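For reference, my_file10.txt (compact mmCIF, C-alpha atoms and all ligand atoms):
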```txt
# COMPACT_ATOMS: atom_id res chain seq x y z
CA MET E 1438 -10.94 -14.55 -17.70
CA ASN E 1439 -10.57 -14.92 -13.92
CA LYS E 1440 -12.36 -12.26 -11.87
CA ILE E 1441 -10.50 -10.67 -8.95
CA LEU E 1442 -12.17 -8.58 -6.26
CA VAL E 1443 -9.89 -5.76 -5.10
CA THR E 1444 -10.86 -3.98 -1.90
CA GLY E 1445 -9.59 -0.40 -1.68
CA GLY E 1446 -9.48 -0.35 -5.49
CA CYS E 1447 -9.69 3.45 -5.62
CA GLY E 1448 -6.67 3.82 -3.38
CA TYR E 1449 -3.01 4.30 -4.25
CA ILE E 1450 -1.83 0.67 -4.24
CA GLY E 1451 -5.25 -0.73 -5.17
CA SER E 1452 -5.58 1.37 -8.33
CA HIS E 1453 -2.08 0.54 -9.56
CA THR E 1454 -2.68 -3.15 -8.84
CA ILE E 1455 -5.94 -3.10 -10.82
CA VAL E 1456 -4.00 -1.72 -13.81
CA ASP E 1457 -1.43 -4.52 -13.50
CA LEU E 1458 -4.11 -7.21 -13.11
CA ILE E 1459 -6.00 -6.02 -16.20
CA GLU E 1460 -2.77 -5.84 -18.20
CA ASN E 1461 -2.21 -9.47 -17.21
CA GLY E 1462 -5.61 -10.62 -18.45
CA TYR E 1463 -7.79 -10.44 -15.33
CA GLU E 1464 -11.28 -9.04 -14.93
CA VAL E 1465 -11.46 -6.83 -11.85
CA ILE E 1466 -14.16 -5.41 -9.59
CA SER E 1467 -13.46 -2.95 -6.78
CA VAL E 1468 -14.95 -2.39 -3.34
CA ASP E 1469 -14.13 1.00 -1.91
CA ASN E 1470 -16.28 3.26 0.33
CA ASN E 1471 -14.18 6.21 -0.88
CA SER E 1472 -13.75 7.46 2.69
CA ARG E 1473 -10.10 8.12 1.78
CA SER E 1474 -10.10 7.81 -1.96
CA ASN E 1475 -11.97 9.09 -4.98
CA PRO E 1476 -13.97 6.98 -7.48
CA ASN E 1477 -12.70 9.15 -10.35
CA VAL E 1478 -9.45 7.19 -10.09
CA LEU E 1479 -11.38 4.51 -11.98
CA LYS E 1480 -11.54 6.90 -14.95
CA GLY E 1481 -7.75 6.97 -14.88
CA ILE E 1482 -7.64 3.16 -14.82
CA GLU E 1483 -9.98 3.07 -17.82
CA GLN E 1484 -7.81 5.64 -19.63
CA ILE E 1485 -4.73 3.45 -19.11
CA THR E 1486 -6.27 0.03 -19.71
CA GLY E 1487 -9.38 0.68 -21.79
CA GLN E 1488 -11.37 -1.29 -19.22
CA LYS E 1489 -14.23 0.03 -17.10
CA VAL E 1490 -13.95 -1.22 -13.53
CA LYS E 1491 -17.10 -1.38 -11.41
CA ASN E 1492 -16.69 -0.09 -7.86
CA TYR E 1493 -19.06 -1.10 -5.08
CA LYS E 1494 -19.17 1.90 -2.73
CA VAL E 1495 -19.47 -0.27 0.37
CA ASP E 1496 -17.95 -0.11 3.84
CA LEU E 1497 -16.48 -3.54 4.55
CA CYS E 1498 -17.34 -3.00 8.20
CA ASN E 1499 -20.96 -3.54 7.12
CA PHE E 1500 -21.21 -7.31 6.80
CA ASP E 1501 -24.56 -7.45 4.97
CA ASP E 1502 -23.43 -4.99 2.30
CA THR E 1503 -20.19 -6.88 1.86
CA PHE E 1504 -21.98 -10.25 1.65
CA ALA E 1505 -24.30 -8.86 -1.06
CA ILE E 1506 -21.31 -8.17 -3.33
CA PHE E 1507 -20.33 -11.84 -3.24
CA GLN E 1508 -23.94 -12.90 -3.85
CA GLU E 1509 -23.96 -10.71 -6.96
CA ASN E 1510 -20.55 -11.95 -8.15
CA THR E 1511 -20.46 -15.71 -7.72
CA ASP E 1512 -17.57 -15.99 -10.21
CA ILE E 1513 -14.92 -14.27 -8.06
CA SER E 1514 -11.77 -16.42 -8.20
CA GLY E 1515 -9.58 -14.35 -5.90
CA VAL E 1516 -9.62 -11.46 -3.44
CA ILE E 1517 -6.89 -8.87 -2.86
CA HIS E 1518 -7.55 -6.91 0.32
CA PHE E 1519 -6.08 -3.41 0.52
CA ALA E 1520 -8.84 -1.41 2.21
CA ALA E 1521 -7.55 -0.21 5.58
CA TYR E 1522 -6.32 2.91 7.35
CA LYS E 1523 -2.55 3.17 7.06
CA SER E 1524 -1.11 6.26 8.71
CA VAL E 1525 1.37 5.47 11.47
CA ALA E 1526 0.98 8.93 12.97
CA GLU E 1527 -2.84 8.98 12.84
CA SER E 1528 -3.07 5.54 14.44
CA VAL E 1529 -1.13 6.84 17.46
CA VAL E 1530 -3.76 9.53 17.94
CA ASN E 1531 -6.80 7.30 17.23
CA PRO E 1532 -5.99 3.64 17.98
CA LEU E 1533 -9.57 2.37 18.39
CA MET E 1534 -10.56 3.74 14.99
CA TYR E 1535 -7.64 1.79 13.50
CA PHE E 1536 -8.38 -1.48 15.32
CA GLU E 1537 -12.10 -1.32 14.53
CA ASN E 1538 -11.77 -0.38 10.87
CA ASN E 1539 -8.83 -2.59 9.97
CA LEU E 1540 -9.91 -5.71 11.89
CA VAL E 1541 -13.71 -5.69 11.44
CA SER E 1542 -13.38 -5.16 7.70
CA LEU E 1543 -10.90 -8.04 7.45
CA ILE E 1544 -13.08 -10.43 9.48
CA ASN E 1545 -16.21 -9.59 7.46
CA LEU E 1546 -14.31 -10.19 4.24
CA LEU E 1547 -12.89 -13.52 5.41
CA LYS E 1548 -16.36 -14.68 6.44
CA CYS E 1549 -17.51 -14.04 2.86
CA VAL E 1550 -14.40 -15.69 1.38
CA GLN E 1551 -15.19 -18.77 3.47
CA GLU E 1552 -18.95 -18.74 2.73
CA PHE E 1553 -18.40 -18.48 -1.03
CA GLN E 1554 -15.26 -20.65 -0.98
CA ILE E 1555 -13.13 -18.12 -2.83
CA PRO E 1556 -9.94 -20.12 -3.42
CA HIS E 1557 -7.29 -17.37 -3.28
CA PHE E 1558 -6.78 -14.50 -0.81
CA VAL E 1559 -3.96 -11.94 -0.89
CA PHE E 1560 -3.57 -9.65 2.11
CA SER E 1561 -1.94 -6.24 2.22
CA SER E 1562 0.36 -6.39 5.20
CA SER E 1563 3.24 -4.15 6.15
CA CYS E 1564 6.86 -4.02 7.24
CA THR E 1565 5.56 -2.31 10.36
CA VAL E 1566 4.86 -5.83 11.68
CA TYR E 1567 8.62 -6.07 12.32
CA GLY E 1568 8.57 -3.18 14.81
CA ASN E 1569 12.09 -1.92 15.47
CA PRO E 1570 14.03 -4.97 14.24
CA ASP E 1571 17.31 -5.93 15.93
CA GLU E 1572 18.86 -6.87 12.62
CA ILE E 1573 18.31 -5.39 9.16
CA PRO E 1574 17.61 -6.22 6.44
CA VAL E 1575 14.66 -8.22 7.70
CA THR E 1576 13.66 -11.56 6.23
CA GLU E 1577 10.19 -13.14 6.40
CA THR E 1578 11.41 -15.22 9.35
CA THR E 1579 12.68 -12.24 11.33
CA ALA E 1580 10.83 -12.44 14.62
CA PRO E 1581 8.38 -9.54 14.85
CA LYS E 1582 9.16 -7.10 17.69
CA PRO E 1583 6.42 -5.14 19.47
CA ALA E 1584 4.89 -2.80 16.91
CA GLU E 1585 5.71 0.88 17.23
CA SER E 1586 2.16 2.04 16.49
CA PRO E 1587 -1.49 0.90 16.62
CA TYR E 1588 -1.30 0.72 12.83
CA GLY E 1589 1.56 -1.77 13.14
CA TYR E 1590 -0.36 -3.74 15.80
CA SER E 1591 -3.43 -3.85 13.52
CA LYS E 1592 -1.29 -5.43 10.82
CA GLN E 1593 0.30 -7.91 13.25
CA MET E 1594 -3.17 -8.96 14.47
CA SER E 1595 -4.49 -9.11 10.91
CA GLU E 1596 -1.69 -11.49 9.93
CA GLN E 1597 -2.56 -13.75 12.86
CA ILE E 1598 -6.24 -13.70 11.87
CA VAL E 1599 -5.41 -14.64 8.27
CA ASN E 1600 -3.03 -17.35 9.46
CA GLU E 1601 -5.62 -19.01 11.69
CA PHE E 1602 -8.24 -18.61 8.95
CA THR E 1603 -6.13 -20.55 6.46
CA LYS E 1604 -5.69 -23.42 8.93
CA SER E 1605 -9.43 -23.77 9.53
CA SER E 1606 -10.71 -22.94 6.04
CA GLY E 1607 -8.09 -24.58 3.84
CA ILE E 1608 -8.18 -21.46 1.66
CA ALA E 1609 -4.71 -20.55 0.36
CA CYS E 1610 -3.48 -17.07 1.34
CA VAL E 1611 -0.49 -14.84 0.69
CA LEU E 1612 0.58 -12.09 3.08
CA LEU E 1613 2.51 -9.30 1.37
CA ARG E 1614 4.62 -7.15 3.70
CA TYR E 1615 5.01 -3.82 1.92
CA PHE E 1616 7.84 -1.53 2.76
CA ASN E 1617 7.38 2.06 1.66
CA PRO E 1618 5.35 2.48 -1.54
CA ALA E 1619 6.45 5.49 -3.62
CA GLY E 1620 6.14 6.99 -7.08
CA ALA E 1621 3.30 6.90 -9.61
CA HIS E 1622 2.30 5.19 -12.84
CA PRO E 1623 4.73 6.45 -15.56
CA SER E 1624 1.75 7.85 -17.53
CA ALA E 1625 0.99 10.26 -14.63
CA ILE E 1626 -2.68 9.34 -15.12
CA ILE E 1627 -2.91 7.76 -11.66
CA GLY E 1628 -0.81 8.28 -8.56
CA GLU E 1629 -0.90 8.89 -4.83
CA MET E 1630 -3.61 11.31 -3.68
CA PRO E 1631 -3.32 11.87 0.06
CA VAL E 1632 -6.49 13.30 1.59
CA GLY E 1633 -5.51 16.47 3.44
CA LYS E 1634 -1.93 17.08 4.62
CA PRO E 1635 0.29 14.20 3.42
CA GLN E 1636 1.60 11.89 6.15
CA ASN E 1637 3.98 10.01 3.88
CA LEU E 1638 7.43 11.28 2.95
CA VAL E 1639 7.30 11.28 -0.85
CA PRO E 1640 4.01 13.18 -1.29
CA ALA E 1641 5.20 15.58 1.44
CA ILE E 1642 8.33 16.21 -0.65
CA THR E 1643 6.48 16.71 -3.94
CA GLN E 1644 3.74 18.89 -2.38
CA THR E 1645 6.43 21.08 -0.81
CA ALA E 1646 8.30 21.31 -4.12
CA ILE E 1647 5.15 22.30 -6.03
CA GLY E 1648 4.19 24.84 -3.35
CA ARG E 1649 1.04 23.11 -2.10
CA ILE E 1650 2.63 23.12 1.37
CA PRO E 1651 5.10 25.89 2.32
CA LYS E 1652 7.77 23.84 4.05
CA MET E 1653 8.44 20.18 4.85
CA LEU E 1654 9.44 18.97 8.30
CA VAL E 1655 12.04 16.23 8.68
CA HIS E 1656 10.85 14.29 11.72
CA GLY E 1657 14.09 13.97 13.65
CA ASN E 1658 17.77 13.95 12.72
CA ASP E 1659 19.14 12.52 15.98
CA TYR E 1660 18.48 8.84 15.28
CA PRO E 1661 21.35 6.31 15.48
CA THR E 1662 21.67 6.14 11.67
CA ARG E 1663 24.33 7.27 9.20
CA ASP E 1664 22.90 10.77 8.89
CA GLY E 1665 20.57 10.88 11.90
CA SER E 1666 17.33 10.51 9.92
CA CYS E 1667 15.14 7.40 9.73
CA ILE E 1668 15.91 4.70 7.22
CA ARG E 1669 13.22 3.07 5.08
CA ASP E 1670 12.94 0.84 2.02
CA TYR E 1671 11.13 2.69 -0.78
CA ILE E 1672 9.55 0.52 -3.48
CA HIS E 1673 7.95 1.78 -6.68
CA ILE E 1674 4.18 1.46 -6.70
CA CYS E 1675 4.21 -0.34 -10.07
CA ASP E 1676 6.71 -2.91 -8.80
CA LEU E 1677 4.52 -3.39 -5.75
CA ALA E 1678 1.40 -3.76 -7.94
CA ASN E 1679 2.99 -6.43 -10.08
CA ALA E 1680 3.81 -8.51 -7.01
CA HIS E 1681 0.06 -8.84 -6.38
CA THR E 1682 -0.58 -10.22 -9.85
CA LEU E 1683 2.31 -12.64 -9.37
CA SER E 1684 0.85 -13.69 -6.00
CA ILE E 1685 -2.55 -14.50 -7.52
CA GLN E 1686 -0.84 -16.46 -10.31
CA TYR E 1687 1.28 -18.27 -7.70
CA LEU E 1688 -1.83 -19.36 -5.84
CA GLU E 1689 -3.71 -20.27 -9.03
CA GLN E 1690 -0.82 -22.52 -10.05
CA GLY E 1691 -0.95 -24.22 -6.64
CA LYS E 1692 2.70 -23.42 -6.04
CA ASN E 1693 2.25 -22.40 -2.40
CA SER E 1694 4.09 -24.84 -0.17
CA LYS E 1695 1.89 -24.00 2.82
CA PRO E 1696 -1.58 -22.51 3.31
CA CYS E 1697 -0.29 -19.05 4.26
CA GLU E 1698 2.88 -17.69 2.59
CA VAL E 1699 4.58 -14.45 3.57
CA PHE E 1700 6.65 -12.23 1.26
CA ASN E 1701 8.63 -9.04 1.85
CA LEU E 1702 8.01 -6.49 -0.88
CA GLY E 1703 10.79 -3.96 -0.66
CA SER E 1704 13.64 -2.87 -2.94
CA GLY E 1705 16.20 -4.23 -0.46
CA ASN E 1706 17.82 -0.79 -0.23
CA GLY E 1707 17.80 1.26 2.97
CA VAL E 1708 17.39 4.97 2.24
CA SER E 1709 17.36 7.75 4.86
CA VAL E 1710 14.90 10.65 4.83
CA LEU E 1711 17.71 13.05 3.93
CA GLU E 1712 18.93 10.74 1.14
CA ALA E 1713 15.39 10.57 -0.25
CA ILE E 1714 15.26 14.37 -0.27
CA GLN E 1715 18.64 14.50 -2.03
CA ALA E 1716 17.39 12.03 -4.67
CA PHE E 1717 14.37 14.25 -5.31
CA GLU E 1718 16.52 17.38 -5.55
CA LYS E 1719 18.78 15.58 -8.04
CA ILE E 1720 16.01 14.55 -10.44
CA SER E 1721 13.98 17.77 -10.11
CA GLY E 1722 16.75 20.34 -9.91
CA ILE E 1723 14.77 21.89 -7.05
CA LYS E 1724 16.27 22.77 -3.66
CA LEU E 1725 13.63 21.49 -1.26
CA ASN E 1726 12.41 23.87 1.46
CA TYR E 1727 12.57 21.79 4.66
CA GLU E 1728 13.65 22.06 8.25
CA THR E 1729 14.32 19.48 10.93
CA GLY E 1730 11.78 19.05 13.71
CA PRO E 1731 11.23 16.64 16.60
CA ARG E 1732 10.96 12.89 16.15
CA ARG E 1733 7.48 11.59 15.15
CA SER E 1734 5.78 9.28 17.60
CA GLY E 1735 5.44 5.74 16.23
CA ASP E 1736 8.37 5.96 13.83
CA VAL E 1737 10.68 2.99 13.52
CA VAL E 1738 14.39 3.95 13.41
CA ALA E 1739 15.41 1.78 10.48
CA VAL E 1740 13.88 -1.04 8.49
CA TYR E 1741 14.52 -2.45 5.04
CA ALA E 1742 13.87 -5.72 3.29
CA ASN E 1743 15.69 -8.83 2.31
CA ASN E 1744 13.52 -9.50 -0.77
CA ASP E 1745 15.19 -12.70 -1.94
CA LYS E 1746 12.13 -14.87 -1.25
CA ALA E 1747 9.72 -12.83 -3.40
CA LYS E 1748 12.27 -12.78 -6.21
CA ALA E 1749 13.00 -16.50 -6.00
CA VAL E 1750 9.49 -17.83 -5.31
CA LEU E 1751 7.20 -15.33 -7.04
CA GLY E 1752 9.65 -14.48 -9.80
CA TRP E 1753 9.27 -10.82 -8.76
CA LYS E 1754 11.68 -8.33 -10.34
CA PRO E 1755 11.51 -4.77 -8.92
CA LEU E 1756 12.52 -2.53 -11.83
CA PHE E 1757 12.32 1.09 -10.69
CA SER E 1758 15.16 2.96 -8.96
CA LEU E 1759 14.81 5.53 -6.16
CA GLU E 1760 15.40 8.29 -8.73
CA GLU E 1761 12.60 6.87 -10.92
CA MET E 1762 10.30 6.77 -7.90
CA MET E 1763 11.01 10.45 -7.31
CA ALA E 1764 10.72 11.33 -11.02
CA THR E 1765 7.32 9.62 -11.45
CA ALA E 1766 6.06 11.09 -8.17
CA TRP E 1767 7.17 14.55 -9.29
CA LYS E 1768 5.58 14.15 -12.78
CA TRP E 1769 2.32 13.13 -11.07
CA GLU E 1770 2.42 16.11 -8.67
CA GLN E 1771 2.97 18.45 -11.61
CA ARG E 1772 0.01 16.91 -13.40
CA LEU E 1773 -2.18 17.34 -10.31
CA LYS E 1774 -1.31 21.03 -10.34
CA ALA E 1775 -1.69 21.46 -14.13
CA ASP E 1776 -5.08 19.75 -14.16
CA GLU E 1777 -6.76 21.82 -11.46
CA THR E 1778 -9.88 21.38 -13.64
CA VAL E 1779 -9.81 17.64 -12.99
CA PHE E 1780 -8.74 17.97 -9.37
CA SER E 1781 -10.64 20.40 -7.20
CA GLY E 1782 -7.45 21.94 -5.90
CA GLN E 1783 -7.68 19.89 -2.71
CA SER E 1784 -5.19 17.03 -3.00
CA GLY E 1785 -7.07 13.78 -3.30
CA GLU E 1786 -10.38 15.24 -4.39
CA LEU E 1787 -11.38 15.08 -8.04
CA ASN E 1788 -14.35 16.86 -9.59
C1 LIG K 1801 8.83 7.64 6.33
C2 LIG K 1801 9.88 8.47 7.03
C3 LIG K 1801 8.96 9.86 8.75
C4 LIG K 1801 6.77 12.71 6.31
C5 LIG K 1801 4.67 3.81 5.66
C6 LIG K 1801 3.23 3.61 5.42
C7 LIG K 1801 2.74 2.39 6.14
C8 LIG K 1801 3.64 1.20 5.83
C9 LIG K 1801 5.08 1.52 6.14
C10 LIG K 1801 2.67 -0.06 4.08
C11 LIG K 1801 9.65 8.53 8.55
C12 LIG K 1801 9.61 10.70 7.65
C13 LIG K 1801 7.55 11.62 6.67
C14 LIG K 1801 7.26 14.02 6.52
C15 LIG K 1801 9.27 13.11 7.46
N1 LIG K 1801 3.55 0.81 4.48
N2 LIG K 1801 8.77 11.83 7.24
N3 LIG K 1801 8.49 14.15 7.08
O1 LIG K 1801 5.86 5.85 8.61
O2 LIG K 1801 7.46 4.39 7.27
O3 LIG K 1801 4.93 4.17 7.01
O4 LIG K 1801 5.41 2.66 5.36
O5 LIG K 1801 1.85 -0.61 4.69
O6 LIG K 1801 1.44 2.14 5.67
O7 LIG K 1801 2.55 4.74 5.89
O8 LIG K 1801 6.17 6.11 6.08
O9 LIG K 1801 6.39 8.03 4.58
O10 LIG K 1801 5.10 8.32 6.77
O11 LIG K 1801 7.56 8.07 6.83
O12 LIG K 1801 10.37 13.27 7.99
O13 LIG K 1801 6.60 15.05 6.19
O14 LIG K 1801 9.77 9.82 6.55
O15 LIG K 1801 9.19 10.42 10.03
O16 LIG K 1801 10.90 8.57 9.21
P1 LIG K 1801 6.18 5.14 7.35
P2 LIG K 1801 6.22 7.70 6.03
```
Entire entry expressed as structure tokens:
Amino acid sequence: MNKILVTGGCGYIGSHTIVDLIENGYEVISVDNNSRSNPNVLKGIEQITGQKVKNYKVDLCNFDDTFAIFQENTDISGVIHFAAYKSVAESVVNPLMYFENNLVSLINLLKCVQEFQIPHFVFSSSCTVYGNPDEIPVTETTAPKPAESPYGYSKQMSEQIVNEFTKSSGIACVLLRYFNPAGAHPSAIIGEMPVGKPQNLVPAITQTAIGRIPKMLVHGNDYPTRDGSCIRDYIHICDLANAHTLSIQYLEQGKNSKPCEVFNLGSGNGVSVLEAIQAFEKISGIKLNYETGPRRSGDVVAVYANNDKAKAVLGWKPLFSLEEMMATAWKWEQRLKADETVFSGQSGELN
């Protein structure tokens, strides 16, 4: 059974990916300092899969602690690196924190991958590397524009670091450019748990609907789009998770035509903020309490994916619709509220 090290394994995408990896026959260990996640998520993973997953509560910015994990696990056959800060808005306010955390952790990890000759590396990148693209949908060869936020710049720089690393190390890598992850595992046992006030649209919608926040703000309705609100490509978290398993299998089978392959992971559908709200209202029967406010600094006007390459090369098949993303997100939010005993009432913190 091949062992995969997942960094950020207690996070939203990391936890769902661990479930998919286990369901596809992998052994998994996690590294997560829980600065923005909760280790109890691993109980949810065990409830779904029956497997206990060990988490090393280590900050990847500490090289010695990171190195020790690899010394203790000499049978790691692949690494999937999620652990990073990812709020566009927060990065605008605190750029140095984003560059330090996201780049130092990556470099430390790659040094260990090289030292222990781990053959396969999958990196969590982002559609924010495209900046405000001239043409949409974007393909993997769409020339990146200047990023719109320090978060986006950290991902652009990270991709360059991984690219140069593959040339010098000969270690095969895959860069996965996520669009907008949304929804939750259909069991509602794991899902997105923003720490504090949610930055992302879908948890902001569900927390407003459940009453955890009084009113949602639509950040701008004067953009040059069909209804004035920003357009994004929402992709179900389980579809996104499966793409990581397929990427590891792709590398294990030696199918990569070059040392560093890039894939867009989006549904291929552009959806505006107002359309996303309408989709939620349709599946929930709830009229969402929101008002329109000023534009949010760092926001891209419109971006969505051409996902043909991931479908053709990885054999990836995104299954969930926008309505199913909203329905699973809503079911998860309702569970968070119902199980106050499990969750301390503060979103993202479990007892
Ligand atoms: C989407 C739209 C907001 C909250 C995300 C991830 C990032 C990367 C790209 C993976 C924007 C609007 C939001 C709210 C709103 N993914 N919005 N009111 O900024 O596209 O970035 O996808 O790496 O990591 O964070 O996502 O959900 O924050 O915003 O109007 O309360 O929803 O202005 O137009 P974003 P988001």
With a cut-off of 7 Å, could you pull out the residues of chain E touching ligand LIG 1801 (chain K) and give me the nearest pair of atoms for each, distance in Å to one decimal, using all atoms listed in the file, ordered by chain and ascending number, as CSV?
```
residue,atom,partner,partner_atom,distance
E:Lys1523,CA,K:LIG1801,O6,4.3
E:Ser1524,CA,K:LIG1801,O7,4.9
E:Val1525,CA,K:LIG1801,O1,5.3
E:Ser1562,CA,K:LIG1801,O5,6.0
E:Ser1563,CA,K:LIG1801,O5,4.1
E:Cys1564,CA,K:LIG1801,C9,5.9
E:Thr1565,CA,K:LIG1801,C9,5.7
E:Tyr1615,CA,K:LIG1801,C10,4.9
E:Phe1616,CA,K:LIG1801,N1,5.2
E:Asn1617,CA,K:LIG1801,O4,4.2
E:Pro1618,CA,K:LIG1801,N1,6.5
E:Pro1635,CA,K:LIG1801,O13,6.9
E:Gln1636,CA,K:LIG1801,O10,5.0
E:Asn1637,CA,K:LIG1801,O9,3.2
E:Leu1638,CA,K:LIG1801,C4,3.7
E:Val1639,CA,K:LIG1801,O9,6.4
E:Ala1641,CA,K:LIG1801,O13,5.0
E:Met1653,CA,K:LIG1801,O13,5.6
E:Leu1654,CA,K:LIG1801,N3,5.1
E:Val1655,CA,K:LIG1801,O12,3.5
E:His1656,CA,K:LIG1801,O12,3.9
E:Gly1657,CA,K:LIG1801,O12,6.8
E:Ser1666,CA,K:LIG1801,O16,6.8
E:Cys1667,CA,K:LIG1801,O16,4.4
E:Ile1668,CA,K:LIG1801,O16,6.6
E:Arg1669,CA,K:LIG1801,O2,6.3
E:Val1710,CA,K:LIG1801,O14,5.5
E:Arg1732,CA,K:LIG1801,O15,6.8
E:Arg1733,CA,K:LIG1801,O15,5.5
E:Asp1736,CA,K:LIG1801,O1,5.8
```
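You can rank E:Glu1689, E:Asp1502, E:Glu1464, E:Glu1572 by their closest distance to His1557 (chain E) using all atoms listed in the file, and at the top of that list sits E:Glu1689.
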Inset, instruction - Would you mind telling me which residue in E:Val1550, E:Leu1543, E:Ile1650, E:Ala1625 lies nearest to Ser1606 (chain E) when using all atoms listed in the file? - result: E:Val1550
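For the pair CA of Gly1628 (chain E) and CA of Tyr1449 (chain E), the interatomic distance is 6.3 Å.
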Legend entry - Who sits within 9 Å of region 1587-1597 of chain E, only C-alpha atoms, same chain under 5 positions skipped, as a PyMOL selection string: chain E and resi 1522-1529+1531-1533+1535-1536+1539-1540+1543-1544+1560-1568+1581+1602+1612+1735
Inset, instruction - Can you work out the spacing between CA of Ser1624 (chain E) and CA of Asp1745 (chain E) in Å, to one decimal? - result: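 Spanning CA of Ser1624 (chain E) to CA of Asp1745 (chain E) is a straight-line distance of 29.1 Å.
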Inset, instruction - Counting all atoms listed in the file, figure out which residue out of E:Ile1627, E:Val1465, E:Ala1713, E:Ala1742 gets nearest to Ile1441 (chain E). - result: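 Going through E:Ile1627, E:Val1465, E:Ala1713, E:Ala1742 one by one, the smallest distance to Ile1441 (chain E) is for E:Val1465.
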Inset, instruction - Rank E:Arg1473, E:Leu1773, E:Trp1753, E:Asp1501 by their smallest atom-to-atom distance to Thr1682 (chain E), using only C-alpha atoms, and report the top residue only. - result: E:Trp1753
Legend entry - For Asp1512 (chain E), the nearest of the candidates E:Lys1724, E:Lys1440, E:Lys1548, E:Lys1582, counting all atoms listed in the file: E:Lys1440
Inset, instruction - Choose the residue, out of E:His1518, E:Arg1772, E:Lys1748, E:Lys1491, that has the smallest atom-to-atom separation from Leu1683 (chain E); count only C-alpha atoms. - result: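 Nearest to Leu1683 (chain E): E:Lys1748.
The space between CA of Phe1504 (chain E) and CA of Ile1517 (chain E) spans 15.8 Å.
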Legend entry - Non-local contacts of Asn1510 (chain E) (10 Å; all atoms listed in the file; under 2 positions in same chain excluded) as number ranges by chain: E: 1440, 1442, 1466, 1505-1508, 1512-1514, 1553
Restricted to C-alpha atoms, what would the selected residues look like written as a PDB file, in the coordinates of the input?
```pdb
ATOM      1  CA  LYS E1440     -12.360 -12.260 -11.870  1.00  0.00           C
ATOM      2  CA  LEU E1442     -12.170  -8.580  -6.260  1.00  0.00           C
ATOM      3  CA  ILE E1466     -14.160  -5.410  -9.590  1.00  0.00           C
ATOM      4  CA  ALA E1505     -24.300  -8.860  -1.060  1.00  0.00           C
ATOM      5  CA  ILE E1506     -21.310  -8.170  -3.330  1.00  0.00           C
ATOM      6  CA  PHE E1507     -20.330 -11.840  -3.240  1.00  0.00           C
ATOM      7  CA  GLN E1508     -23.940 -12.900  -3.850  1.00  0.00           C
ATOM      8  CA  ASP E1512     -17.570 -15.990 -10.210  1.00  0.00           C
ATOM      9  CA  ILE E1513     -14.920 -14.270  -8.060  1.00  0.00           C
ATOM     10  CA  SER E1514     -11.770 -16.420  -8.200  1.00  0.00           C
ATOM     11  CA  PHE E1553     -18.400 -18.480  -1.030  1.00  0.00           C
TER      12      PHE E1553
END
```
Write out as a tab-separated table a residue-level contact list of region 1566-1665 of chain E versus region 1692-1704 of chain E with cut-off 7 Å: for each qualifying residue the closest pair of atoms and the distance in Å to one decimal, counting all atoms listed in the file, rows sorted by chain and residue number upward.
```
residue	atom	partner	partner_atom	distance
E:Glu1577	CA	E:Phe1700	CA	6.3
E:Asn1600	CA	E:Cys1697	CA	6.1
E:Thr1603	CA	E:Pro1696	CA	5.9
E:Gly1607	CA	E:Pro1696	CA	6.9
E:Ile1608	CA	E:Pro1696	CA	6.9
E:Ala1609	CA	E:Pro1696	CA	4.7
E:Cys1610	CA	E:Cys1697	CA	4.8
E:Val1611	CA	E:Glu1698	CA	4.8
E:Leu1612	CA	E:Val1699	CA	4.7
E:Leu1613	CA	E:Phe1700	CA	5.1
E:Arg1614	CA	E:Asn1701	CA	4.8
E:Tyr1615	CA	E:Leu1702	CA	4.9
E:Phe1616	CA	E:Gly1703	CA	5.1
```
Legend entry - Residue neighbourhood Gln1488 (chain E), 9 Å, all atoms listed in the file, exclusion window fewer than 3 positions, as a count of residues only: 6
